[in-house]
Amino acid sequence: MPSATSSLRQAIQAAGGSLPFSQFMSLALYGDGGFYSSSGRAGRRGDFITSPEVGPLFGAVLARAVDDVWIRCGRPDNFSIVEVGAGPGTLARTIVAAAPECLEKGTYIAVEVSDTQRELHPDSVVSVSTMPTHITNGIIIANELFDNMPFDLWVYDDGWRQSHIIDTPQGFAEVLKTADVPPCLPSRVSHGSRAPVHTDAVNWLHTALSSLAHGALMAIDYCTPTTAEVASMPWREWLRTYAQHERGVHYLKNAGEQDITTQVCIDQLAAVREPDAVRSQSQFLQLWGIDELVEEGRREWEKAASSPTVAAIKMRSRVTEAEALLDMTGLGNFTVVQWSNY
Ligand SMILES: C[S@@+](CC[C@H](N)C(=O)[O-])C[C@H]1O[C@@H](n2cnc3c(N)ncnc32)[C@H](O)[C@@H]1O
């Protein structure tokens with residue numbers, strides 16, 4: 001497989017000398033030799049830790065929220081859990097292990113673009129590379145999907161300009177081009193401000209909501225309420241790169257060897273359709289009974305403490321998992337954005 005750098009060079013040349021940042025990001029992550037097309041992934045042995053990778057508690061709580069959607073749909077037999085951006089399948093494994101009632105007759109569909117990650121999916125799920133086009137009854141779950149979807153990058157330099165990437169002997173570099181300014185960009189910002197325009201995430205959300213006849217869509221991510229707030233942040237705080245559990249280098253360097261992610265602007269998602277609920281991950285997990293599951297874990301551990309079993313040790317680990325999942329300086333401060341079609 002060619003390297004991401006050589007694929008990008010060819011694509012830039014084929015496009016006449018420059019690519020919008022979104023296309024650069026798309027190839028750097030998902031093209032030949034791209035980060036997710038090769039070995040990049042979530043997990044302790046991967047590049048970053050997400051909530052499902054903390055342990056099975058996150059999936060156990062989500063299973064309760066999923067069953068609530070199934071009940072609101074009238075307990076249908078043909079219910080689907082459609083998890084998009086399923087990574088190596090960790091959330092799928094833990095939701096299936098929690099045995100929500102909706103899966104007694106329903107189906108878990110794990111959607112993941114990366115071939116290498118789909119190979120890691122468990123046999124208990126239907127593993128596919130693209131979303132189903134129609135879901136009669138179901139829930140669409142997207143944990144840390146939007147932040148990884150290619151976005152356009154805009155820079156305020158005597159007006160908003162769009163970032164395009166060129167190939168130079170010193171490496172990839174940025175040039176700014178005039179284009180129609182997307183309405184989500186704020187008009188009053190300081191010189192040098194940068195902001196993401198979530199072109200792909202917005203298109204995906206539109207399609208996903210149209211494909212869902214009955215049910216809900218839950219997106220969980222690192223979010224900021226408005227694009228204006230993101231534009232006022234130092235760009236290195238919202239446009240981040242990661243590799244092997246460390247922050248990476250500049251987003252134009254080491255193409256294919258590091259993840260590129262953005263803070264997600266809720267106002268851009270709300271322009272597709274106003275969400276029905278926006279909560280912090282901490283509020284969401286409490287709503288769906290994380291405290292009860294932790295208490296159950298504590299009790300089971302105490303019962304078995306004199307001769308611990310693997311099952312009892314797993315129960316005890318719920319205490320530390322909950323601390324990480326609810327931590328308001330980290331995962332607990334993520335946002336759960338929900339749209340309902342009932
Ligand atoms: C940050 S990882 C999150 C993985 C997993 N959801 C988790 O929380 O551990 C984002 C994943 O979304 C996948 N992805 C990105 N765009 C996608 C799309 N349009 N359809 C399916 N998967 C996608 C990437 O390949 C990557 O595995």
# chains A, B, ... in the order shown; residues from 1 in each chain; ligands from 1
>>> residues_around(residues="Ser26 in chain A", least_positions_apart="6", cutoff="10 Å", atoms="only C-alpha atoms", output="ChimeraX atom specification")
/A:8,34-35,148-151,200,260
>>> write_last_selection(atoms="N, CA and C atoms", output="short mmCIF file (atom, residue, chain, number, x, y, z; two decimals), in the first residue's frame")
data_model
loop_
_atom_site.label_atom_id
_atom_site.label_comp_id
_atom_site.auth_asym_id
_atom_site.auth_seq_id
_atom_site.Cartn_x
_atom_site.Cartn_y
_atom_site.Cartn_z
N LEU A 8 -1.27 11.52 -0.87
CA LEU A 8 -1.66 12.94 -0.80
C LEU A 8 -0.98 13.74 -1.89
N GLY A 34 -3.54 5.69 5.10
CA GLY A 34 -4.06 6.64 6.10
C GLY A 34 -4.05 6.04 7.50
N PHE A 35 -4.20 6.92 8.49
CA PHE A 35 -4.09 6.51 9.91
C PHE A 35 -5.04 5.34 10.22
N ASN A 148 -13.87 12.96 14.23
CA ASN A 148 -12.96 12.33 13.28
C ASN A 148 -13.42 12.47 11.83
N MET A 149 -14.54 13.15 11.63
CA MET A 149 -15.03 13.30 10.25
C MET A 149 -14.35 14.51 9.63
N PRO A 150 -13.89 14.37 8.39
CA PRO A 150 -13.16 15.46 7.76
C PRO A 150 -13.96 16.77 7.79
N PHE A 151 -13.29 17.84 8.20
CA PHE A 151 -13.94 19.15 8.29
C PHE A 151 -13.16 20.14 7.44
N ASP A 200 -18.66 17.18 6.52
CA ASP A 200 -18.99 15.75 6.43
C ASP A 200 -19.95 15.33 7.55
N ILE A 260 -6.21 12.96 13.48
CA ILE A 260 -6.50 14.40 13.43
C ILE A 260 -7.94 14.55 13.90
#
>>> residues_near_ligand(ligand="ligand 1", cutoff="9 Å", atoms="only C-alpha atoms and all ligand atoms", output="VMD selection string")
chain A and resid 29 to 30 35 to 37 40 to 43 48 to 53 83 to 91 110 to 115 117 to 118 128 to 131 141 to 150 200 to 201 204 220 to 221 259 261
>>> write_last_selection(atoms="C-alpha atoms", output="JSON list (two decimals), in the first residue's frame")
[["chain", "number", "residue", "atom", "x", "y", "z"],
["A", 29, "LEU", "CA", -7.00, 9.28, 7.94],
["A", 30, "TYR", "CA", -8.96, 7.07, 5.54],
["A", 35, "PHE", "CA", -4.09, 6.51, 9.91],
["A", 36, "TYR", "CA", -7.30, 4.44, 10.19],
["A", 37, "SER", "CA", -6.61, 2.47, 6.98],
["A", 40, "GLY", "CA", -4.58, 3.57, 14.04],
["A", 41, "ARG", "CA", -7.33, 2.81, 16.56],
["A", 42, "ALA", "CA", -8.81, 3.32, 20.01],
["A", 43, "GLY", "CA", -7.75, 1.13, 22.92],
["A", 48, "PHE", "CA", -6.11, 6.87, 22.50],
["A", 49, "ILE", "CA", -8.62, 5.80, 25.17],
["A", 50, "THR", "CA", -12.32, 6.37, 24.59],
["A", 51, "SER", "CA", -15.18, 5.71, 27.05],
["A", 52, "PRO", "CA", -15.87, 2.13, 25.83],
["A", 53, "GLU", "CA", -12.15, 1.39, 26.17],
["A", 83, "GLU", "CA", -23.22, 1.84, 15.95],
["A", 84, "VAL", "CA", -21.31, 4.04, 13.51],
["A", 85, "GLY", "CA", -17.55, 4.49, 13.84],
["A", 86, "ALA", "CA", -17.51, 1.25, 15.83],
["A", 87, "GLY", "CA", -13.69, 1.09, 15.90],
["A", 88, "PRO", "CA", -12.43, -2.35, 16.99],
["A", 89, "GLY", "CA", -15.90, -3.29, 18.33],
["A", 90, "THR", "CA", -15.34, -2.72, 22.05],
["A", 91, "LEU", "CA", -18.63, -0.88, 22.65],
["A", 110, "ALA", "CA", -21.40, -2.21, 13.72],
["A", 111, "VAL", "CA", -20.48, 0.26, 10.97],
["A", 112, "GLU", "CA", -16.77, 0.95, 10.56],
["A", 113, "VAL", "CA", -14.91, 2.26, 7.49],
["A", 114, "SER", "CA", -11.55, 0.79, 8.44],
["A", 115, "ASP", "CA", -11.05, -2.77, 7.07],
["A", 117, "GLN", "CA", -10.75, -2.59, 12.54],
["A", 118, "ARG", "CA", -13.76, -4.43, 11.07],
["A", 128, "VAL", "CA", -20.35, -3.48, 7.70],
["A", 129, "SER", "CA", -18.47, -0.55, 6.16],
["A", 130, "THR", "CA", -21.44, 1.70, 5.38],
["A", 131, "MET", "CA", -24.65, 2.73, 7.14],
["A", 141, "ILE", "CA", -24.98, 5.47, 18.28],
["A", 142, "ALA", "CA", -21.89, 7.49, 17.34],
["A", 143, "ASN", "CA", -19.22, 7.63, 20.03],
["A", 144, "GLU", "CA", -16.39, 9.96, 19.00],
["A", 145, "LEU", "CA", -17.37, 9.83, 15.33],
["A", 146, "PHE", "CA", -18.00, 13.49, 14.50],
["A", 147, "ASP", "CA", -14.61, 14.68, 15.78],
["A", 148, "ASN", "CA", -12.96, 12.33, 13.28],
["A", 149, "MET", "CA", -15.03, 13.30, 10.25],
["A", 150, "PRO", "CA", -13.16, 15.46, 7.76],
["A", 200, "ASP", "CA", -18.99, 15.75, 6.43],
["A", 201, "ALA", "CA", -20.55, 15.42, 9.90],
["A", 204, "TRP", "CA", -23.83, 12.43, 7.61],
["A", 220, "ILE", "CA", -21.24, 11.43, 22.10],
["A", 221, "ASP", "CA", -18.22, 13.64, 21.61],
["A", 259, "ASP", "CA", -5.05, 10.97, 14.26],
["A", 261, "THR", "CA", -9.54, 15.48, 15.45]]
>>> closest_residue(among="A:Glu104, A:Glu300, A:Ile165, A:Val82", to="Arg9 in chain A", atoms="only C-alpha atoms")
A:Ile165
>>> select_by_dssp(residues="range 162-324 of chain A", states="helix (DSSP H, G or I)", output="PyMOL selection string")
chain A and resi 199-211+227-231+235-238+266-270+281-287+290-304+310-324
>>> closest_residue(among="A:Trp154, A:Phe172, A:Phe284, A:Trp238", to="Ser22 in chain A", atoms="only C-alpha atoms")
A:Trp154
>>> select_by_dssp(residues="range 155-294 of chain A", states="strand (DSSP E)", output="ChimeraX atom specification")
/A:155-156,160-168,171-177,194-197,212-221,223-224,239-243,246-247,259-262,264-265,277-280
>>> residues_around(residues="His134 in chain A", least_positions_apart="6", cutoff="9 Å", atoms="only C-alpha atoms", output="VMD selection string")
chain A and resid 208 210 to 213
>>> residues_around(residues="Ala4 in chain A", least_positions_apart="3", cutoff="6 Å", atoms="only C-alpha atoms", output="list in words")
Ser7, Leu8, Ala28, Asp32, Gly33, Gly34, Ala255 and Gly256 of chain A
>>> atom_distance(atom1="CA of Thr335 in chain A", atom2="CA of Gln281 in chain A")
5.4 Å
>>> closest_residue(among="A:Gly171, A:Thr226, A:Ala231, A:Val189", to="His250 in chain A", atoms="only C-alpha atoms")
A:Gly171
>>> atom_distance(atom1="CA of Phe24 in chain A", atom2="CA of Asp167 in chain A")
11.0 Å
>>> closest_residue(among="A:Glu292, A:Gln170, A:Ile140, A:Arg247", to="Val337 in chain A", atoms="only C-alpha atoms")
A:Ile140
>>> closest_atom_pairs(of="range 93-137 of chain A", to="range 68-79 of chain A", cutoff="6 Å", atoms="only C-alpha atoms", output="tab-separated table")
residue	atom	partner	partner_atom	distance
A:Lys105	CA	A:Asp77	CA	5.4
A:Gly106	CA	A:Phe79	CA	4.8
A:Asn137	CA	A:Phe79	CA	4.9
>>> write_last_selection(atoms="N, CA, C and O atoms", output="PDB file, in the first residue's frame")
ATOM      1  N   LYS A 105     -34.474 -10.207  20.108  1.00  0.00           N
ATOM      2  CA  LYS A 105     -34.867 -10.497  18.718  1.00  0.00           C
ATOM      3  C   LYS A 105     -34.203  -9.526  17.739  1.00  0.00           C
ATOM      4  O   LYS A 105     -34.306  -9.691  16.530  1.00  0.00           O
ATOM      5  N   GLY A 106     -33.561  -8.503  18.252  1.00  0.00           N
ATOM      6  CA  GLY A 106     -33.019  -7.448  17.392  1.00  0.00           C
ATOM      7  C   GLY A 106     -31.605  -7.743  16.904  1.00  0.00           C
ATOM      8  O   GLY A 106     -31.048  -8.807  17.140  1.00  0.00           O
ATOM      9  N   ASN A 137     -36.896   0.548  12.943  1.00  0.00           N
ATOM     10  CA  ASN A 137     -36.909   0.819  14.383  1.00  0.00           C
ATOM     11  C   ASN A 137     -35.482   0.656  14.871  1.00  0.00           C
ATOM     12  O   ASN A 137     -34.889  -0.412  14.663  1.00  0.00           O
TER      13      ASN A 137
END
>>> residues_around(residues="Asn341 in chain A", least_positions_apart="6", cutoff="6 Å", atoms="only C-alpha atoms", output="list in words")
His214, Gly215 and Ala216 of chain A
>>> write_last_selection(atoms="C-alpha atoms", output="PDB file, in the first residue's frame")
ATOM      1  CA  HIS A 214     -38.537   5.332  14.489  1.00  0.00           C
ATOM      2  CA  GLY A 215     -35.996   5.635  17.256  1.00  0.00           C
ATOM      3  CA  ALA A 216     -33.152   7.902  18.280  1.00  0.00           C
TER       4      ALA A 216
END
>>> atom_distance(atom1="CA of Thr178 in chain A", atom2="CA of Glu237 in chain A")
25.1 Å
>>> closest_residue(among="A:Cys223, A:Pro275, A:Glu229, A:Gln23", to="Leu331 in chain A", atoms="only C-alpha atoms")
A:Cys223
>>> residues_around(residues="Leu19 in chain A", least_positions_apart="6", cutoff="7 Å", atoms="only C-alpha atoms", output="PyMOL selection string")
chain A and resi 12+164-166
>>> write_last_selection(atoms="N, CA and C atoms", output="short mmCIF file (atom, residue, chain, number, x, y, z; two decimals), in the first residue's frame")
data_model
loop_
_atom_site.label_atom_id
_atom_site.label_comp_id
_atom_site.auth_asym_id
_atom_site.auth_seq_id
_atom_site.Cartn_x
_atom_site.Cartn_y
_atom_site.Cartn_z
N ILE A 12 -3.00 15.88 -4.64
CA ILE A 12 -2.81 17.33 -4.77
C ILE A 12 -2.47 17.67 -6.23
N HIS A 164 -6.39 25.60 2.13
CA HIS A 164 -6.10 24.57 1.12
C HIS A 164 -4.66 24.11 1.34
N ILE A 165 -4.41 22.86 0.97
CA ILE A 165 -3.08 22.31 1.25
C ILE A 165 -2.33 22.10 -0.07
N ILE A 166 -1.07 22.55 -0.07
CA ILE A 166 -0.22 22.39 -1.25
C ILE A 166 0.99 21.52 -0.86
#
>>> closest_residue(among="A:Ser124, A:Asn333, A:Thr136, A:Thr262", to="Tyr242 in chain A", atoms="only C-alpha atoms")
A:Thr262
>>> decode(residues="range 46-58 of chain A", atoms="all heavy atoms", output="PDB file, in the first residue's frame")
ATOM      1  N   GLY A  46      -3.876   0.727  21.394  1.00  0.00           N
ATOM      2  CA  GLY A  46      -4.036   1.597  20.238  1.00  0.00           C
ATOM      3  C   GLY A  46      -3.403   2.964  20.478  1.00  0.00           C
ATOM      4  O   GLY A  46      -2.301   3.058  21.022  1.00  0.00           O
ATOM      5  N   ASP A  47      -4.159   4.013  20.105  1.00  0.00           N
ATOM      6  CA  ASP A  47      -3.566   5.351  20.116  1.00  0.00           C
ATOM      7  C   ASP A  47      -4.212   6.304  21.106  1.00  0.00           C
ATOM      8  O   ASP A  47      -3.651   7.343  21.426  1.00  0.00           O
ATOM      9  CB  ASP A  47      -3.656   5.935  18.698  1.00  0.00           C
ATOM     10  CG  ASP A  47      -2.820   5.123  17.740  1.00  0.00           C
ATOM     11  OD1 ASP A  47      -1.632   5.427  17.604  1.00  0.00           O
ATOM     12  OD2 ASP A  47      -3.334   4.131  17.169  1.00  0.00           O
ATOM     13  N   PHE A  48      -5.424   5.996  21.549  1.00  0.00           N
ATOM     14  CA  PHE A  48      -6.114   6.867  22.504  1.00  0.00           C
ATOM     15  C   PHE A  48      -7.189   6.040  23.208  1.00  0.00           C
ATOM     16  O   PHE A  48      -7.609   4.998  22.711  1.00  0.00           O
ATOM     17  CB  PHE A  48      -6.751   8.082  21.788  1.00  0.00           C
ATOM     18  CG  PHE A  48      -7.495   7.684  20.550  1.00  0.00           C
ATOM     19  CD1 PHE A  48      -8.804   7.230  20.635  1.00  0.00           C
ATOM     20  CD2 PHE A  48      -6.887   7.724  19.299  1.00  0.00           C
ATOM     21  CE1 PHE A  48      -9.481   6.818  19.503  1.00  0.00           C
ATOM     22  CE2 PHE A  48      -7.561   7.307  18.161  1.00  0.00           C
ATOM     23  CZ  PHE A  48      -8.868   6.858  18.272  1.00  0.00           C
ATOM     24  N   ILE A  49      -7.597   6.523  24.388  1.00  0.00           N
ATOM     25  CA  ILE A  49      -8.615   5.799  25.173  1.00  0.00           C
ATOM     26  C   ILE A  49      -9.942   6.538  25.036  1.00  0.00           C
ATOM     27  O   ILE A  49     -10.013   7.749  25.246  1.00  0.00           O
ATOM     28  CB  ILE A  49      -8.209   5.729  26.663  1.00  0.00           C
ATOM     29  CG1 ILE A  49      -6.966   4.849  26.848  1.00  0.00           C
ATOM     30  CG2 ILE A  49      -9.360   5.193  27.527  1.00  0.00           C
ATOM     31  CD1 ILE A  49      -7.168   3.366  26.580  1.00  0.00           C
ATOM     32  N   THR A  50     -10.980   5.799  24.659  1.00  0.00           N
ATOM     33  CA  THR A  50     -12.324   6.370  24.592  1.00  0.00           C
ATOM     34  C   THR A  50     -13.151   5.759  25.731  1.00  0.00           C
ATOM     35  O   THR A  50     -12.683   4.815  26.381  1.00  0.00           O
ATOM     36  CB  THR A  50     -12.961   6.014  23.235  1.00  0.00           C
ATOM     37  OG1 THR A  50     -12.926   4.585  23.109  1.00  0.00           O
ATOM     38  CG2 THR A  50     -12.202   6.639  22.067  1.00  0.00           C
ATOM     39  N   SER A  51     -14.372   6.235  25.926  1.00  0.00           N
ATOM     40  CA  SER A  51     -15.180   5.712  27.049  1.00  0.00           C
ATOM     41  C   SER A  51     -15.371   4.191  26.997  1.00  0.00           C
ATOM     42  O   SER A  51     -15.218   3.524  28.024  1.00  0.00           O
ATOM     43  CB  SER A  51     -16.537   6.411  27.093  1.00  0.00           C
ATOM     44  OG  SER A  51     -16.347   7.766  27.371  1.00  0.00           O
ATOM     45  N   PRO A  52     -15.704   3.594  25.826  1.00  0.00           N
ATOM     46  CA  PRO A  52     -15.866   2.132  25.825  1.00  0.00           C
ATOM     47  C   PRO A  52     -14.576   1.418  26.209  1.00  0.00           C
ATOM     48  O   PRO A  52     -14.612   0.309  26.756  1.00  0.00           O
ATOM     49  CB  PRO A  52     -16.235   1.796  24.373  1.00  0.00           C
ATOM     50  CG  PRO A  52     -16.565   3.074  23.708  1.00  0.00           C
ATOM     51  CD  PRO A  52     -16.010   4.197  24.512  1.00  0.00           C
ATOM     52  N   GLU A  53     -13.430   2.045  25.907  1.00  0.00           N
ATOM     53  CA  GLU A  53     -12.146   1.391  26.171  1.00  0.00           C
ATOM     54  C   GLU A  53     -11.745   1.475  27.646  1.00  0.00           C
ATOM     55  O   GLU A  53     -10.797   0.820  28.079  1.00  0.00           O
ATOM     56  CB  GLU A  53     -11.033   2.018  25.302  1.00  0.00           C
ATOM     57  CG  GLU A  53     -11.246   1.869  23.804  1.00  0.00           C
ATOM     58  CD  GLU A  53     -11.156   0.431  23.305  1.00  0.00           C
ATOM     59  OE1 GLU A  53     -10.620  -0.423  24.028  1.00  0.00           O
ATOM     60  OE2 GLU A  53     -11.646   0.164  22.179  1.00  0.00           O
ATOM     61  N   VAL A  54     -12.476   2.291  28.434  1.00  0.00           N
ATOM     62  CA  VAL A  54     -12.199   2.367  29.878  1.00  0.00           C
ATOM     63  C   VAL A  54     -12.564   1.037  30.538  1.00  0.00           C
ATOM     64  O   VAL A  54     -11.915   0.590  31.481  1.00  0.00           O
ATOM     65  CB  VAL A  54     -12.992   3.547  30.505  1.00  0.00           C
ATOM     66  CG1 VAL A  54     -12.997   3.481  32.024  1.00  0.00           C
ATOM     67  CG2 VAL A  54     -12.425   4.880  30.025  1.00  0.00           C
ATOM     68  N   GLY A  55     -13.617   0.385  30.039  1.00  0.00           N
ATOM     69  CA  GLY A  55     -14.068  -0.891  30.599  1.00  0.00           C
ATOM     70  C   GLY A  55     -15.525  -1.120  30.224  1.00  0.00           C
ATOM     71  O   GLY A  55     -16.137  -0.280  29.554  1.00  0.00           O
ATOM     72  N   PRO A  56     -16.109  -2.257  30.687  1.00  0.00           N
ATOM     73  CA  PRO A  56     -17.466  -2.626  30.234  1.00  0.00           C
ATOM     74  C   PRO A  56     -18.603  -1.780  30.815  1.00  0.00           C
ATOM     75  O   PRO A  56     -19.735  -1.887  30.358  1.00  0.00           O
ATOM     76  CB  PRO A  56     -17.610  -4.077  30.675  1.00  0.00           C
ATOM     77  CG  PRO A  56     -16.553  -4.323  31.687  1.00  0.00           C
ATOM     78  CD  PRO A  56     -15.464  -3.315  31.490  1.00  0.00           C
ATOM     79  N   LEU A  57     -18.321  -0.936  31.825  1.00  0.00           N
ATOM     80  CA  LEU A  57     -19.403  -0.203  32.484  1.00  0.00           C
ATOM     81  C   LEU A  57     -20.126   0.747  31.515  1.00  0.00           C
ATOM     82  O   LEU A  57     -21.360   0.857  31.546  1.00  0.00           O
ATOM     83  CB  LEU A  57     -18.826   0.586  33.675  1.00  0.00           C
ATOM     84  CG  LEU A  57     -19.834   1.396  34.487  1.00  0.00           C
ATOM     85  CD1 LEU A  57     -20.925   0.507  35.076  1.00  0.00           C
ATOM     86  CD2 LEU A  57     -19.119   2.162  35.610  1.00  0.00           C
ATOM     87  N   PHE A  58     -19.383   1.422  30.644  1.00  0.00           N
ATOM     88  CA  PHE A  58     -19.987   2.384  29.715  1.00  0.00           C
ATOM     89  C   PHE A  58     -21.049   1.682  28.846  1.00  0.00           C
ATOM     90  O   PHE A  58     -22.183   2.159  28.713  1.00  0.00           O
ATOM     91  CB  PHE A  58     -18.887   3.001  28.847  1.00  0.00           C
ATOM     92  CG  PHE A  58     -19.354   4.067  27.912  1.00  0.00           C
ATOM     93  CD1 PHE A  58     -19.726   5.319  28.381  1.00  0.00           C
ATOM     94  CD2 PHE A  58     -19.403   3.844  26.539  1.00  0.00           C
ATOM     95  CE1 PHE A  58     -20.148   6.319  27.516  1.00  0.00           C
ATOM     96  CE2 PHE A  58     -19.818   4.834  25.664  1.00  0.00           C
ATOM     97  CZ  PHE A  58     -20.199   6.072  26.158  1.00  0.00           C
TER      98      PHE A  58
END
